[in-house]
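Peer 1: Supplied in structure tokens, the structure appears directly below.
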There are 2 protein chains.
Amino acid sequence: MDMAIKMKNKRPTLQDVADLVGVTKMTVSRYLRTPDSVSAPLQEKISAALETLGYIPNRAPDILSKSKSHAIGVLLPSLTNQVFSEVIRGIESVLEPAGYQTMLAHYGYSKEAEESRIATLLSYSVDGLIISESYHTDRVRKMLAVAGIPVIEIMDSVSPPIEQAIGIDNQAAAYAMTECMIKRGRQKIVYFAARMDQRTLLKIRGYETAMTDHGLTPLCLKTHNASSFTMGANFLKEALAQQPDTDGIFCTNDDLAIGALYACQKSGIRIPEDVAIAGFHGHDISRAMVPLLATVITPREDMGRLAAEHLLSRLQGTPITQAVIELPFKIDIGESI
Amino acid sequence: MDMAIKMKNKRPTLQDVADLVGVTKMTVSRYLRTPDSVSAPLQEKISAALETLGYIPNRAPDILSKSKSHAIGVLLPSLTNQVFSEVIRGIESVLEPAGYQTMLAHYGYSKEAEESRIATLLSYSVDGLIISESYHTDRVRKMLAVAGIPVIEIMDSVSPPIEQAIGIDNQAAAYAMTECMIKRGRQKIVYFAARMDQRTLLKIRGYETAMTDHGLTPLCLKTHNASSFTMGANFLKEALAQQPDTDGIFCTNDDLAIGALYACQKSGIRIPEDVAIAGFHGHDISRAMVPLLATVITPREDMGRLAAEHLLSRLQGTPITQAVIELPFKIDIGESI
DNA sequence: CCATGATTTGTTACGAGTAACATTACCATA
DNA sequence: TATGGTAATGTTACTCGTAACAAATCATGG
């Protein structure tokens, strides 16, 4: 048994199994798919031979002849952000039980990288794609059109989508949280933004609109770098320098908010008495910490799950009934505003 | 241009491009790999045709004939745990620039699922595998042997590995932290364990050994469920019920520790005056929070990066020089012990 | 203006599995 | 025992890109 393995240095094929049994590979192929289509004595012999050689099916011929890989490409801007980890979790929770393999890729918020990543995923003949961001180059759109596979965009509920989008209304969410802070008496609210991707831009717009709608002056601190706790702390310092009477901080995500909050605690600034702080997304930590962080709770995992479910049903031929699926967000005022 | 796309409902092949130009697909194939091997006028025509049709290369024939996919399988027990997100990040940071595609899978800590996931990854002809956990079934070992591709195990530095392992000594790390707490005067330290996977078992052993080495009685609270902040809070309640004079808590990961810490804060238990709390891994949050969490800092991202680097060099033919690569951990006492 | 070699393009076969069609084996019945 | 029908197995062709070999084209020098 071990000898049989060591004698061939390449992985066994159906032909190897067939040779061992003394039949053609077609018979073995039949056995694998419908065991009863083969005579009883052969069933046993083939089963034993498969075991002996340790045969592992090979998807390549299938992909080649049927252009179906049973793999789904997932393309996200970053893996550094917890948001995307949770989205991946949601996607995998649906794809894996359905027998689909996830092909993961990221592009670091670069449009050129997005093009090349999509080409790569398509070169593996993925059966479908889940991508993020709302803006795509013509080249990307053309590749997707030519590929002729179902594509779902997640994160934003912006229209019009390439085919179908599942996400939240980031601008409305930012507007709602800003307004909530204003209604609770805050006047000098500063926005902390990082990455400056599409979604962040939408959130900024929501914040600025809410501020001006209430006759207040928006102030937005921006960085193209990734967000982090440290970045939140740095932004806090800068905000207080630029506008010493700052009484509210709204961050593009929880990381910045938590970083700012801890920085306040360290320098004796009371939350929320002196400064109100709000985050975005509602990660587990923000729902457990003391004080509880005010945040916009977004359904990250649901988004991934829903995207995967819709993709699968489209692979089964179900037509698109709703081009944009907008998921609800929830404002949680916690204890920090 | 648009017409050409819409007329064919399947993705264009090299033959389609060749037909459009009026040459054989071999010529187009040559152009794609070495453009100068084709005459100047053809270069232009082929380039234009590729653009017109939106040709995307197809890896399937290559995988079929050369059994090389340029894809690496990554199999982790879970995606729910932040630890693994960071490992994935490290892996991707190396694989992506090297032109390798990551095929992600997880198996929910189930040995049967691990077998089937590995079979799936192998069926895609992955060029190499990064897997975790230290124990594997015979079936898994046989599949890996037959597949004949490089395999790297991560997380634990246990020996002997299938081929090569990269990780930390979990038992020694747990021993070190426990001893550190004891030396700082703690006597009644309780261990909070979740998942009960290989690594957790090793950590428990480290903790118990340290306790008995110092003449103390270990007490370990266990759950097979995943860890969470809530679980940490529940464990705290149970620990105080079982052993009211508990003066130290050591958790199998930061989540439990943070959950327990916040639960203490809410019920007026002072950290570290009344109870010392320590976590494991040193996620960003534990390095930013107030009070700073005592934790074992582990190099998760480095582990992923290193695993990917070693895998790539082995794909280039470099032999294994070190079967077990043990990475250092660091005890950070923070402000919570 | 043709031979020679270099350059460019074409032809054939292959990889692993399977659909479609072809053949063989076997049993029961007339 | 021949025949029909069915069950079991075999044969061929196909998927797409490319290696290996073959052929055609071209330029150059004698």
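Residue names in the structure tokens use chain letters A, B, ... in the order shown, residue numbers from 1 in each chain, and ligand numbers from 1 in the order shown.
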Any chance you could fit chain B onto chain A with least squares, all Cα atoms in order, and share the moved copy as an mmCIF file with C-alpha atoms, in the first residue's frame?
Peer 2:
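For reference, selection09.cif as written:
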```cif
data_model
loop_
_atom_site.group_PDB
_atom_site.id
_atom_site.type_symbol
_atom_site.label_atom_id
_atom_site.label_comp_id
_atom_site.auth_asym_id
_atom_site.auth_seq_id
_atom_site.Cartn_x
_atom_site.Cartn_y
_atom_site.Cartn_z
ATOM 1 C CA MET B 1 0.091 0.111 0.069
ATOM 2 C CA ASP B 2 2.846 2.483 1.014
ATOM 3 C CA MET B 3 4.913 1.172 -1.851
ATOM 4 C CA ALA B 4 2.217 1.986 -4.330
ATOM 5 C CA ILE B 5 2.316 5.569 -3.161
ATOM 6 C CA LYS B 6 6.022 5.955 -3.303
ATOM 7 C CA MET B 7 6.469 4.337 -6.682
ATOM 8 C CA LYS B 8 4.711 7.080 -8.549
ATOM 9 C CA ASN B 9 5.876 10.559 -7.886
ATOM 10 C CA LYS B 10 2.856 12.246 -9.332
ATOM 11 C CA ARG B 11 -0.636 12.167 -7.995
ATOM 12 C CA PRO B 12 -2.701 9.198 -9.188
ATOM 13 C CA THR B 13 -5.228 9.681 -11.970
ATOM 14 C CA LEU B 14 -8.351 7.775 -12.797
ATOM 15 C CA GLN B 15 -6.245 5.843 -15.313
ATOM 16 C CA ASP B 16 -3.947 4.638 -12.561
ATOM 17 C CA VAL B 17 -6.914 3.365 -10.606
ATOM 18 C CA ALA B 18 -8.360 1.753 -13.726
ATOM 19 C CA ASP B 19 -5.057 0.020 -14.505
ATOM 20 C CA LEU B 20 -4.898 -1.388 -11.009
ATOM 21 C CA VAL B 21 -8.389 -2.829 -11.303
ATOM 22 C CA GLY B 22 -8.043 -3.868 -14.922
ATOM 23 C CA VAL B 23 -10.843 -1.776 -16.401
ATOM 24 C CA THR B 24 -11.011 1.481 -18.312
ATOM 25 C CA LYS B 25 -11.006 4.799 -16.541
ATOM 26 C CA MET B 26 -14.561 5.341 -17.761
ATOM 27 C CA THR B 27 -15.758 2.570 -15.491
ATOM 28 C CA VAL B 28 -13.992 4.086 -12.524
ATOM 29 C CA SER B 29 -15.444 7.469 -13.407
ATOM 30 C CA ARG B 30 -18.898 5.947 -13.421
ATOM 31 C CA TYR B 31 -18.305 4.297 -10.069
ATOM 32 C CA LEU B 32 -17.323 7.602 -8.520
ATOM 33 C CA ARG B 33 -20.497 9.335 -9.596
ATOM 34 C CA THR B 34 -23.029 6.500 -9.405
ATOM 35 C CA PRO B 35 -21.546 3.447 -7.724
ATOM 36 C CA ASP B 36 -24.502 1.243 -8.650
ATOM 37 C CA SER B 37 -23.932 1.699 -12.337
ATOM 38 C CA VAL B 38 -21.021 -0.687 -11.938
ATOM 39 C CA SER B 39 -21.278 -4.398 -11.162
ATOM 40 C CA ALA B 40 -21.016 -5.455 -7.541
ATOM 41 C CA PRO B 41 -17.633 -7.198 -7.745
ATOM 42 C CA LEU B 42 -16.141 -4.207 -9.551
ATOM 43 C CA GLN B 43 -17.511 -1.833 -6.953
ATOM 44 C CA GLU B 44 -15.438 -3.512 -4.307
ATOM 45 C CA LYS B 45 -12.314 -3.730 -6.415
ATOM 46 C CA ILE B 46 -12.525 -0.120 -7.518
ATOM 47 C CA SER B 47 -13.226 1.076 -4.017
ATOM 48 C CA ALA B 48 -10.172 -0.791 -2.785
ATOM 49 C CA ALA B 49 -8.002 0.559 -5.573
ATOM 50 C CA LEU B 50 -9.105 4.125 -4.887
ATOM 51 C CA GLU B 51 -8.199 3.666 -1.266
ATOM 52 C CA THR B 52 -4.871 2.033 -2.060
ATOM 53 C CA LEU B 53 -3.736 4.758 -4.393
ATOM 54 C CA GLY B 54 -5.270 7.564 -2.381
ATOM 55 C CA TYR B 55 -7.030 8.923 -5.418
ATOM 56 C CA ILE B 56 -8.101 12.567 -5.199
ATOM 57 C CA PRO B 57 -10.461 13.905 -7.873
ATOM 58 C CA ASN B 58 -9.112 16.534 -10.202
ATOM 59 C CA ARG B 59 -11.282 19.517 -10.979
ATOM 60 C CA ALA B 60 -9.160 20.820 -13.822
ATOM 61 C CA PRO B 61 -10.719 18.726 -16.637
ATOM 62 C CA ASP B 62 -14.157 19.700 -15.472
ATOM 63 C CA ILE B 63 -13.276 23.363 -15.357
ATOM 64 C CA LEU B 64 -11.756 23.004 -18.790
ATOM 65 C CA SER B 65 -14.686 21.308 -20.458
ATOM 66 C CA LYS B 66 -17.593 22.803 -18.558
ATOM 67 C CA SER B 67 -16.076 26.139 -17.472
ATOM 68 C CA LYS B 68 -17.498 25.490 -14.025
ATOM 69 C CA SER B 69 -15.113 25.537 -11.138
ATOM 70 C CA HIS B 70 -17.402 25.465 -8.138
ATOM 71 C CA ALA B 71 -15.272 28.313 -6.839
ATOM 72 C CA ILE B 72 -16.408 31.812 -5.982
ATOM 73 C CA GLY B 73 -14.063 34.770 -6.157
ATOM 74 C CA VAL B 74 -14.166 37.223 -3.278
ATOM 75 C CA LEU B 75 -12.406 40.519 -3.841
ATOM 76 C CA LEU B 76 -12.123 42.993 -1.000
ATOM 77 C CA PRO B 77 -10.121 46.189 -0.660
ATOM 78 C CA SER B 78 -8.264 45.052 2.413
ATOM 79 C CA LEU B 79 -7.834 42.255 4.881
ATOM 80 C CA THR B 80 -6.451 44.540 7.573
ATOM 81 C CA ASN B 81 -9.868 45.805 8.524
ATOM 82 C CA GLN B 82 -11.984 43.756 10.873
ATOM 83 C CA VAL B 83 -15.048 44.680 8.858
ATOM 84 C CA PHE B 84 -13.868 42.562 5.983
ATOM 85 C CA SER B 85 -12.945 39.621 8.186
ATOM 86 C CA GLU B 86 -16.551 39.550 9.301
ATOM 87 C CA VAL B 87 -17.821 39.828 5.755
ATOM 88 C CA ILE B 88 -15.620 36.886 4.758
ATOM 89 C CA ARG B 89 -17.003 34.934 7.662
ATOM 90 C CA GLY B 90 -20.530 35.548 6.440
ATOM 91 C CA ILE B 91 -19.664 34.565 2.895
ATOM 92 C CA GLU B 92 -17.867 31.385 3.918
ATOM 93 C CA SER B 93 -20.695 30.363 6.204
ATOM 94 C CA VAL B 94 -22.868 30.016 3.115
ATOM 95 C CA LEU B 95 -20.426 28.956 0.407
ATOM 96 C CA GLU B 96 -18.729 26.176 2.317
ATOM 97 C CA PRO B 97 -21.852 24.153 3.182
ATOM 98 C CA ALA B 98 -22.977 24.606 -0.414
ATOM 99 C CA GLY B 99 -19.793 22.945 -1.635
ATOM 100 C CA TYR B 100 -18.249 26.058 -3.105
ATOM 101 C CA GLN B 101 -14.632 26.990 -2.641
ATOM 102 C CA THR B 102 -13.756 30.572 -1.752
ATOM 103 C CA MET B 103 -10.967 32.248 -3.694
ATOM 104 C CA LEU B 104 -9.896 35.235 -1.680
ATOM 105 C CA ALA B 105 -8.110 38.279 -3.024
ATOM 106 C CA HIS B 106 -7.590 41.873 -1.998
ATOM 107 C CA TYR B 107 -6.407 44.958 -3.811
ATOM 108 C CA GLY B 108 -5.359 47.507 -1.227
ATOM 109 C CA TYR B 109 -7.770 50.186 -2.417
ATOM 110 C CA SER B 110 -5.938 50.483 -5.745
ATOM 111 C CA LYS B 111 -7.965 50.519 -8.963
ATOM 112 C CA GLU B 112 -5.135 49.025 -11.015
ATOM 113 C CA ALA B 113 -4.732 46.221 -8.500
ATOM 114 C CA GLU B 114 -8.473 45.634 -8.638
ATOM 115 C CA GLU B 115 -8.273 45.084 -12.387
ATOM 116 C CA SER B 116 -5.472 42.608 -12.103
ATOM 117 C CA ARG B 117 -7.072 40.739 -9.194
ATOM 118 C CA ILE B 118 -10.317 40.367 -11.097
ATOM 119 C CA ALA B 119 -8.452 39.095 -14.137
ATOM 120 C CA THR B 120 -6.702 36.565 -11.934
ATOM 121 C CA LEU B 121 -9.929 35.364 -10.360
ATOM 122 C CA LEU B 122 -11.555 35.062 -13.786
ATOM 123 C CA SER B 123 -8.563 33.129 -15.077
ATOM 124 C CA TYR B 124 -9.495 30.430 -12.557
ATOM 125 C CA SER B 125 -12.972 30.299 -14.072
ATOM 126 C CA VAL B 126 -14.728 31.263 -10.859
ATOM 127 C CA ASP B 127 -18.447 30.672 -11.135
ATOM 128 C CA GLY B 128 -19.307 33.992 -9.525
ATOM 129 C CA LEU B 129 -17.793 37.058 -7.922
ATOM 130 C CA ILE B 130 -18.411 39.056 -4.783
ATOM 131 C CA ILE B 131 -16.666 42.400 -4.961
ATOM 132 C CA SER B 132 -16.822 45.625 -3.022
ATOM 133 C CA GLU B 133 -16.605 49.331 -3.637
ATOM 134 C CA SER B 134 -19.021 51.180 -5.820
ATOM 135 C CA TYR B 135 -16.801 52.557 -8.559
ATOM 136 C CA HIS B 136 -15.161 50.294 -11.122
ATOM 137 C CA THR B 137 -13.095 51.100 -14.191
ATOM 138 C CA ASP B 138 -14.405 50.436 -17.691
ATOM 139 C CA ARG B 139 -11.864 47.691 -18.023
ATOM 140 C CA VAL B 140 -13.248 45.944 -14.964
ATOM 141 C CA ARG B 141 -16.801 46.362 -16.221
ATOM 142 C CA LYS B 142 -15.841 44.908 -19.582
ATOM 143 C CA MET B 143 -14.072 41.922 -18.051
ATOM 144 C CA LEU B 144 -17.105 41.177 -15.952
ATOM 145 C CA ALA B 145 -19.409 41.539 -18.942
ATOM 146 C CA VAL B 146 -17.307 39.202 -21.058
ATOM 147 C CA ALA B 147 -16.933 36.658 -18.286
ATOM 148 C CA GLY B 148 -20.679 36.271 -18.131
ATOM 149 C CA ILE B 149 -20.803 35.194 -14.502
ATOM 150 C CA PRO B 150 -22.983 36.580 -11.725
ATOM 151 C CA VAL B 151 -21.417 39.471 -9.854
ATOM 152 C CA ILE B 152 -22.561 40.965 -6.583
ATOM 153 C CA GLU B 153 -21.234 44.193 -5.132
ATOM 154 C CA ILE B 154 -21.298 44.589 -1.389
ATOM 155 C CA MET B 155 -20.862 47.269 1.290
ATOM 156 C CA ASP B 156 -22.621 50.185 -0.409
ATOM 157 C CA SER B 157 -26.235 50.352 -1.469
ATOM 158 C CA VAL B 158 -25.381 52.790 -4.226
ATOM 159 C CA SER B 159 -27.015 52.569 -7.584
ATOM 160 C CA PRO B 160 -26.810 51.660 -10.330
ATOM 161 C CA PRO B 161 -24.894 48.474 -9.571
ATOM 162 C CA ILE B 162 -23.183 46.416 -12.245
ATOM 163 C CA GLU B 163 -25.834 43.782 -11.698
ATOM 164 C CA GLN B 164 -26.777 43.605 -8.062
ATOM 165 C CA ALA B 165 -25.620 45.374 -4.905
ATOM 166 C CA ILE B 166 -26.099 44.486 -1.272
ATOM 167 C CA GLY B 167 -25.127 46.976 1.396
ATOM 168 C CA ILE B 168 -26.086 49.833 3.608
ATOM 169 C CA ASP B 169 -26.646 53.507 2.901
ATOM 170 C CA ASN B 170 -23.416 54.842 4.341
ATOM 171 C CA GLN B 171 -24.326 58.462 3.769
ATOM 172 C CA ALA B 172 -27.678 58.158 5.520
ATOM 173 C CA ALA B 173 -26.035 56.284 8.383
ATOM 174 C CA ALA B 174 -23.438 58.995 8.914
ATOM 175 C CA TYR B 175 -26.146 61.647 8.673
ATOM 176 C CA ALA B 176 -28.244 59.864 11.277
ATOM 177 C CA MET B 177 -25.433 59.528 13.792
ATOM 178 C CA THR B 178 -24.317 63.126 13.325
ATOM 179 C CA GLU B 179 -27.854 64.356 13.810
ATOM 180 C CA CYS B 180 -28.188 62.191 16.874
ATOM 181 C CA MET B 181 -25.109 63.814 18.409
ATOM 182 C CA ILE B 182 -26.381 67.278 17.509
ATOM 183 C CA LYS B 183 -29.756 66.578 19.087
ATOM 184 C CA ARG B 184 -27.973 65.547 22.240
ATOM 185 C CA GLY B 185 -26.445 69.020 22.402
ATOM 186 C CA ARG B 186 -23.161 68.744 20.536
ATOM 187 C CA GLN B 187 -22.150 71.703 18.390
ATOM 188 C CA LYS B 188 -18.487 71.308 17.564
ATOM 189 C CA ILE B 189 -18.334 67.815 16.156
ATOM 190 C CA VAL B 190 -15.198 66.753 14.307
ATOM 191 C CA TYR B 191 -15.124 63.873 11.819
ATOM 192 C CA PHE B 192 -12.147 61.494 11.752
ATOM 193 C CA ALA B 193 -11.641 59.891 8.338
ATOM 194 C CA ALA B 194 -9.136 57.291 7.107
ATOM 195 C CA ARG B 195 -8.436 55.485 3.838
ATOM 196 C CA MET B 196 -10.612 57.944 1.899
ATOM 197 C CA ASP B 197 -12.292 55.224 -0.096
ATOM 198 C CA GLN B 198 -15.747 55.519 -1.661
ATOM 199 C CA ARG B 199 -17.557 54.569 1.508
ATOM 200 C CA THR B 200 -15.620 57.017 3.631
ATOM 201 C CA LEU B 201 -16.383 59.791 1.161
ATOM 202 C CA LEU B 202 -20.076 58.979 1.401
ATOM 203 C CA LYS B 203 -19.936 59.023 5.173
ATOM 204 C CA ILE B 204 -18.179 62.393 5.161
ATOM 205 C CA ARG B 205 -20.891 63.738 2.914
ATOM 206 C CA GLY B 206 -23.543 62.485 5.319
ATOM 207 C CA TYR B 207 -21.759 64.087 8.250
ATOM 208 C CA GLU B 208 -21.221 67.417 6.468
ATOM 209 C CA THR B 209 -24.804 67.567 5.262
ATOM 210 C CA ALA B 210 -26.121 66.955 8.764
ATOM 211 C CA MET B 211 -23.840 69.639 10.189
ATOM 212 C CA THR B 212 -24.761 72.321 7.653
ATOM 213 C CA ASP B 213 -28.432 71.331 7.825
ATOM 214 C CA HIS B 214 -28.256 72.302 11.479
ATOM 215 C CA GLY B 215 -26.263 75.453 10.890
ATOM 216 C CA LEU B 216 -23.038 73.986 12.217
ATOM 217 C CA THR B 217 -19.569 74.078 10.712
ATOM 218 C CA PRO B 218 -18.106 70.696 9.771
ATOM 219 C CA LEU B 219 -14.466 69.912 10.411
ATOM 220 C CA CYS B 220 -13.001 66.754 8.979
ATOM 221 C CA LEU B 221 -9.555 65.319 9.756
ATOM 222 C CA LYS B 222 -8.338 63.045 7.014
ATOM 223 C CA THR B 223 -5.634 60.509 6.327
ATOM 224 C CA HIS B 224 -5.058 58.161 3.439
ATOM 225 C CA ASN B 225 -3.506 55.639 5.753
ATOM 226 C CA ALA B 226 -5.359 52.786 7.366
ATOM 227 C CA SER B 227 -7.196 53.466 10.580
ATOM 228 C CA SER B 228 -5.811 52.276 13.900
ATOM 229 C CA PHE B 229 -6.128 52.976 17.582
ATOM 230 C CA THR B 230 -2.980 55.077 17.403
ATOM 231 C CA MET B 231 -4.403 57.063 14.525
ATOM 232 C CA GLY B 232 -7.489 57.765 16.611
ATOM 233 C CA ALA B 233 -5.302 59.063 19.435
ATOM 234 C CA ASN B 234 -3.328 61.271 17.042
ATOM 235 C CA PHE B 235 -6.494 62.653 15.513
ATOM 236 C CA LEU B 236 -7.780 63.546 18.975
ATOM 237 C CA LYS B 237 -4.686 65.600 19.663
ATOM 238 C CA GLU B 238 -4.974 67.335 16.300
ATOM 239 C CA ALA B 239 -8.695 68.022 16.735
ATOM 240 C CA LEU B 240 -8.166 69.655 20.105
ATOM 241 C CA ALA B 241 -5.331 71.723 18.660
ATOM 242 C CA GLN B 242 -7.371 72.928 15.699
ATOM 243 C CA GLN B 243 -10.577 73.431 17.627
ATOM 244 C CA PRO B 244 -10.038 73.513 21.417
ATOM 245 C CA ASP B 245 -13.757 73.631 22.190
ATOM 246 C CA THR B 246 -14.473 70.401 20.300
ATOM 247 C CA ASP B 247 -17.350 68.653 22.063
ATOM 248 C CA GLY B 248 -17.950 65.728 19.771
ATOM 249 C CA ILE B 249 -16.008 63.252 17.675
ATOM 250 C CA PHE B 250 -17.494 61.006 15.004
ATOM 251 C CA CYS B 251 -15.173 58.438 13.494
ATOM 252 C CA THR B 252 -15.341 56.580 10.229
ATOM 253 C CA ASN B 253 -14.931 53.353 12.163
ATOM 254 C CA ASP B 254 -14.728 51.922 15.658
ATOM 255 C CA ASP B 255 -10.945 51.642 15.654
ATOM 256 C CA LEU B 256 -10.445 55.376 15.433
ATOM 257 C CA ALA B 257 -13.190 55.951 17.982
ATOM 258 C CA ILE B 258 -11.763 53.516 20.488
ATOM 259 C CA GLY B 259 -8.285 54.961 20.003
ATOM 260 C CA ALA B 260 -9.640 58.444 20.613
ATOM 261 C CA LEU B 261 -11.658 57.269 23.602
ATOM 262 C CA TYR B 262 -8.701 55.651 25.306
ATOM 263 C CA ALA B 263 -6.588 58.724 24.563
ATOM 264 C CA CYS B 264 -9.248 60.848 26.300
ATOM 265 C CA GLN B 265 -9.256 58.535 29.300
ATOM 266 C CA LYS B 266 -5.504 58.811 29.567
ATOM 267 C CA SER B 267 -5.527 62.608 29.492
ATOM 268 C CA GLY B 268 -8.457 62.989 31.868
ATOM 269 C CA ILE B 269 -11.032 64.090 29.314
ATOM 270 C CA ARG B 270 -14.385 62.774 30.474
ATOM 271 C CA ILE B 271 -16.560 60.758 28.110
ATOM 272 C CA PRO B 272 -19.240 61.884 27.372
ATOM 273 C CA GLU B 273 -19.288 64.903 29.725
ATOM 274 C CA ASP B 274 -16.437 66.775 28.021
ATOM 275 C CA VAL B 275 -16.401 65.133 24.609
ATOM 276 C CA ALA B 276 -18.846 62.757 22.956
ATOM 277 C CA ILE B 277 -17.386 59.987 20.822
ATOM 278 C CA ALA B 278 -19.077 57.842 18.214
ATOM 279 C CA GLY B 279 -17.769 55.103 15.990
ATOM 280 C CA PHE B 280 -19.026 53.165 13.000
ATOM 281 C CA HIS B 281 -19.787 49.464 12.536
ATOM 282 C CA GLY B 282 -20.395 48.183 16.044
ATOM 283 C CA HIS B 283 -17.723 45.548 16.421
ATOM 284 C CA ASP B 284 -18.045 43.238 19.386
ATOM 285 C CA ILE B 285 -15.570 45.220 21.407
ATOM 286 C CA SER B 286 -17.571 48.420 21.120
ATOM 287 C CA ARG B 287 -20.570 46.493 22.412
ATOM 288 C CA ALA B 288 -18.708 45.262 25.455
ATOM 289 C CA MET B 289 -16.356 48.031 26.526
ATOM 290 C CA VAL B 290 -16.740 50.499 29.386
ATOM 291 C CA PRO B 291 -18.078 53.018 28.575
ATOM 292 C CA LEU B 292 -20.139 51.448 25.815
ATOM 293 C CA LEU B 293 -19.194 53.116 22.545
ATOM 294 C CA ALA B 294 -21.846 54.950 20.578
ATOM 295 C CA THR B 295 -21.721 53.477 17.118
ATOM 296 C CA VAL B 296 -23.586 52.773 13.909
ATOM 297 C CA ILE B 297 -24.267 49.079 13.963
ATOM 298 C CA THR B 298 -23.887 47.617 10.495
ATOM 299 C CA PRO B 299 -24.748 44.059 9.465
ATOM 300 C CA ARG B 300 -21.324 43.012 8.135
ATOM 301 C CA GLU B 301 -21.730 39.291 8.513
ATOM 302 C CA ASP B 302 -25.298 39.392 7.218
ATOM 303 C CA MET B 303 -24.068 41.309 4.212
ATOM 304 C CA GLY B 304 -21.587 38.579 3.362
ATOM 305 C CA ARG B 305 -24.081 35.845 4.017
ATOM 306 C CA LEU B 306 -26.773 37.502 1.942
ATOM 307 C CA ALA B 307 -24.374 38.184 -0.914
ATOM 308 C CA ALA B 308 -23.336 34.534 -0.984
ATOM 309 C CA GLU B 309 -26.939 33.360 -0.821
ATOM 310 C CA HIS B 310 -28.026 35.574 -3.685
ATOM 311 C CA LEU B 311 -25.017 34.522 -5.710
ATOM 312 C CA LEU B 312 -25.835 30.857 -5.233
ATOM 313 C CA SER B 313 -29.457 31.310 -6.172
ATOM 314 C CA ARG B 314 -28.420 33.153 -9.284
ATOM 315 C CA LEU B 315 -26.087 30.299 -10.149
ATOM 316 C CA GLN B 316 -29.162 28.101 -9.966
ATOM 317 C CA GLY B 317 -30.824 30.292 -12.521
ATOM 318 C CA THR B 318 -32.970 32.510 -10.330
ATOM 319 C CA PRO B 319 -33.193 35.935 -11.960
ATOM 320 C CA ILE B 320 -32.440 39.168 -10.122
ATOM 321 C CA THR B 321 -35.589 40.546 -8.561
ATOM 322 C CA GLN B 322 -34.016 43.417 -6.697
ATOM 323 C CA ALA B 323 -30.960 45.154 -8.096
ATOM 324 C CA VAL B 324 -30.156 46.976 -4.872
ATOM 325 C CA ILE B 325 -30.733 45.364 -1.528
ATOM 326 C CA GLU B 326 -30.370 47.899 1.229
ATOM 327 C CA LEU B 327 -29.769 46.497 4.662
ATOM 328 C CA PRO B 328 -30.725 48.398 7.791
ATOM 329 C CA PHE B 329 -28.216 50.036 10.116
ATOM 330 C CA LYS B 330 -28.873 50.880 13.726
ATOM 331 C CA ILE B 331 -27.750 53.844 15.804
ATOM 332 C CA ASP B 332 -26.588 52.745 19.231
ATOM 333 C CA ILE B 333 -25.947 55.696 21.524
ATOM 334 C CA GLY B 334 -24.090 53.533 24.020
ATOM 335 C CA GLU B 335 -22.652 55.556 26.899
ATOM 336 C CA SER B 336 -20.206 57.734 24.998
ATOM 337 C CA ILE B 337 -22.446 60.476 23.598
#
```
Peer 1: As a list of chain:residue names, could you give me every residue of chain C near chain A (at most 9 Å apart, counting only C-alpha atoms (C1' of nucleotides))?
Peer 2: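 Listed by rising number, the hits are C:DG15, C:DA16, C:DG17, C:DT18.
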Peer 1: Quick check for you: according to DSSP on this backbone, which residues of range 35-262 of chain B are classed as helix (DSSP H, G or I)? Reply as a ChimeraX atom specification.
Peer 2: /B:35-37,40-53,60-66,82-95,111-123,138-147,170-183,198-213,229-242,254-262
Peer 1: Counting only C-alpha atoms (C1' of nucleotides), which residues in chain D sit no more than 8 Å from chain A? For each one, give the nearest pair of atoms and the distance in Å, sorted by chain then residue number, as a Markdown table.
Peer 2:
```
| residue | atom | partner | partner_atom | distance |
| --- | --- | --- | --- | --- |
| D:DA8 | C1' | A:Val38 | CA | 6.8 |
| D:DT9 | C1' | A:Thr27 | CA | 6.9 |
| D:DG10 | C1' | A:Thr24 | CA | 7.2 |
| D:DC14 | C1' | A:Ser65 | CA | 7.6 |
| D:DT15 | C1' | A:Ser65 | CA | 3.8 |
| D:DC16 | C1' | A:Leu64 | CA | 6.8 |
```
Peer 1: Need to verify the contact set: DC2 in chain C, 12 Å, only C-alpha atoms (C1' of nucleotides), exclusion of same-chain residues closer than 5 positions in sequence. Can you return it as number ranges by chain?
Peer 2: D: 28-30
Peer 1: Rounded to one decimal in Å, what is the spacing between C1' of DC26 in chain D and C1' of DG10 in chain C?
Peer 2: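 A separation of 16.2 Å between them.
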Peer 1: So how far away is C1' of DG5 in chain D from C1' of DA22 in chain C, in Å?
Peer 2: 16.2 Å
Peer 1: Would you compute the distance between C1' of DT24 in chain C and C1' of DA7 in chain D? Give it in Å to one decimal.
Peer 2: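 So the answer is 10.5 Å.
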Peer 1: Counting only C-alpha atoms (C1' of nucleotides), what is within 12 Å of DA13 in chain D, bar same-chain residues fewer than 3 positions away, as an mmCIF file with C-alpha atoms (C1' of nucleotides), in the first residue's frame?
Peer 2:
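Okay, out_30.cif is ready:
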```
data_model
loop_
_atom_site.group_PDB
_atom_site.id
_atom_site.type_symbol
_atom_site.label_atom_id
_atom_site.label_comp_id
_atom_site.auth_asym_id
_atom_site.auth_seq_id
_atom_site.Cartn_x
_atom_site.Cartn_y
_atom_site.Cartn_z
ATOM 1 C "C1'" DT C 18 -16.794 12.894 -19.093
ATOM 2 C "C1'" DA C 19 -20.753 13.027 -22.669
ATOM 3 C "C1'" DA C 20 -22.281 10.560 -26.332
ATOM 4 C "C1'" DC C 21 -22.237 6.805 -28.790
#
```
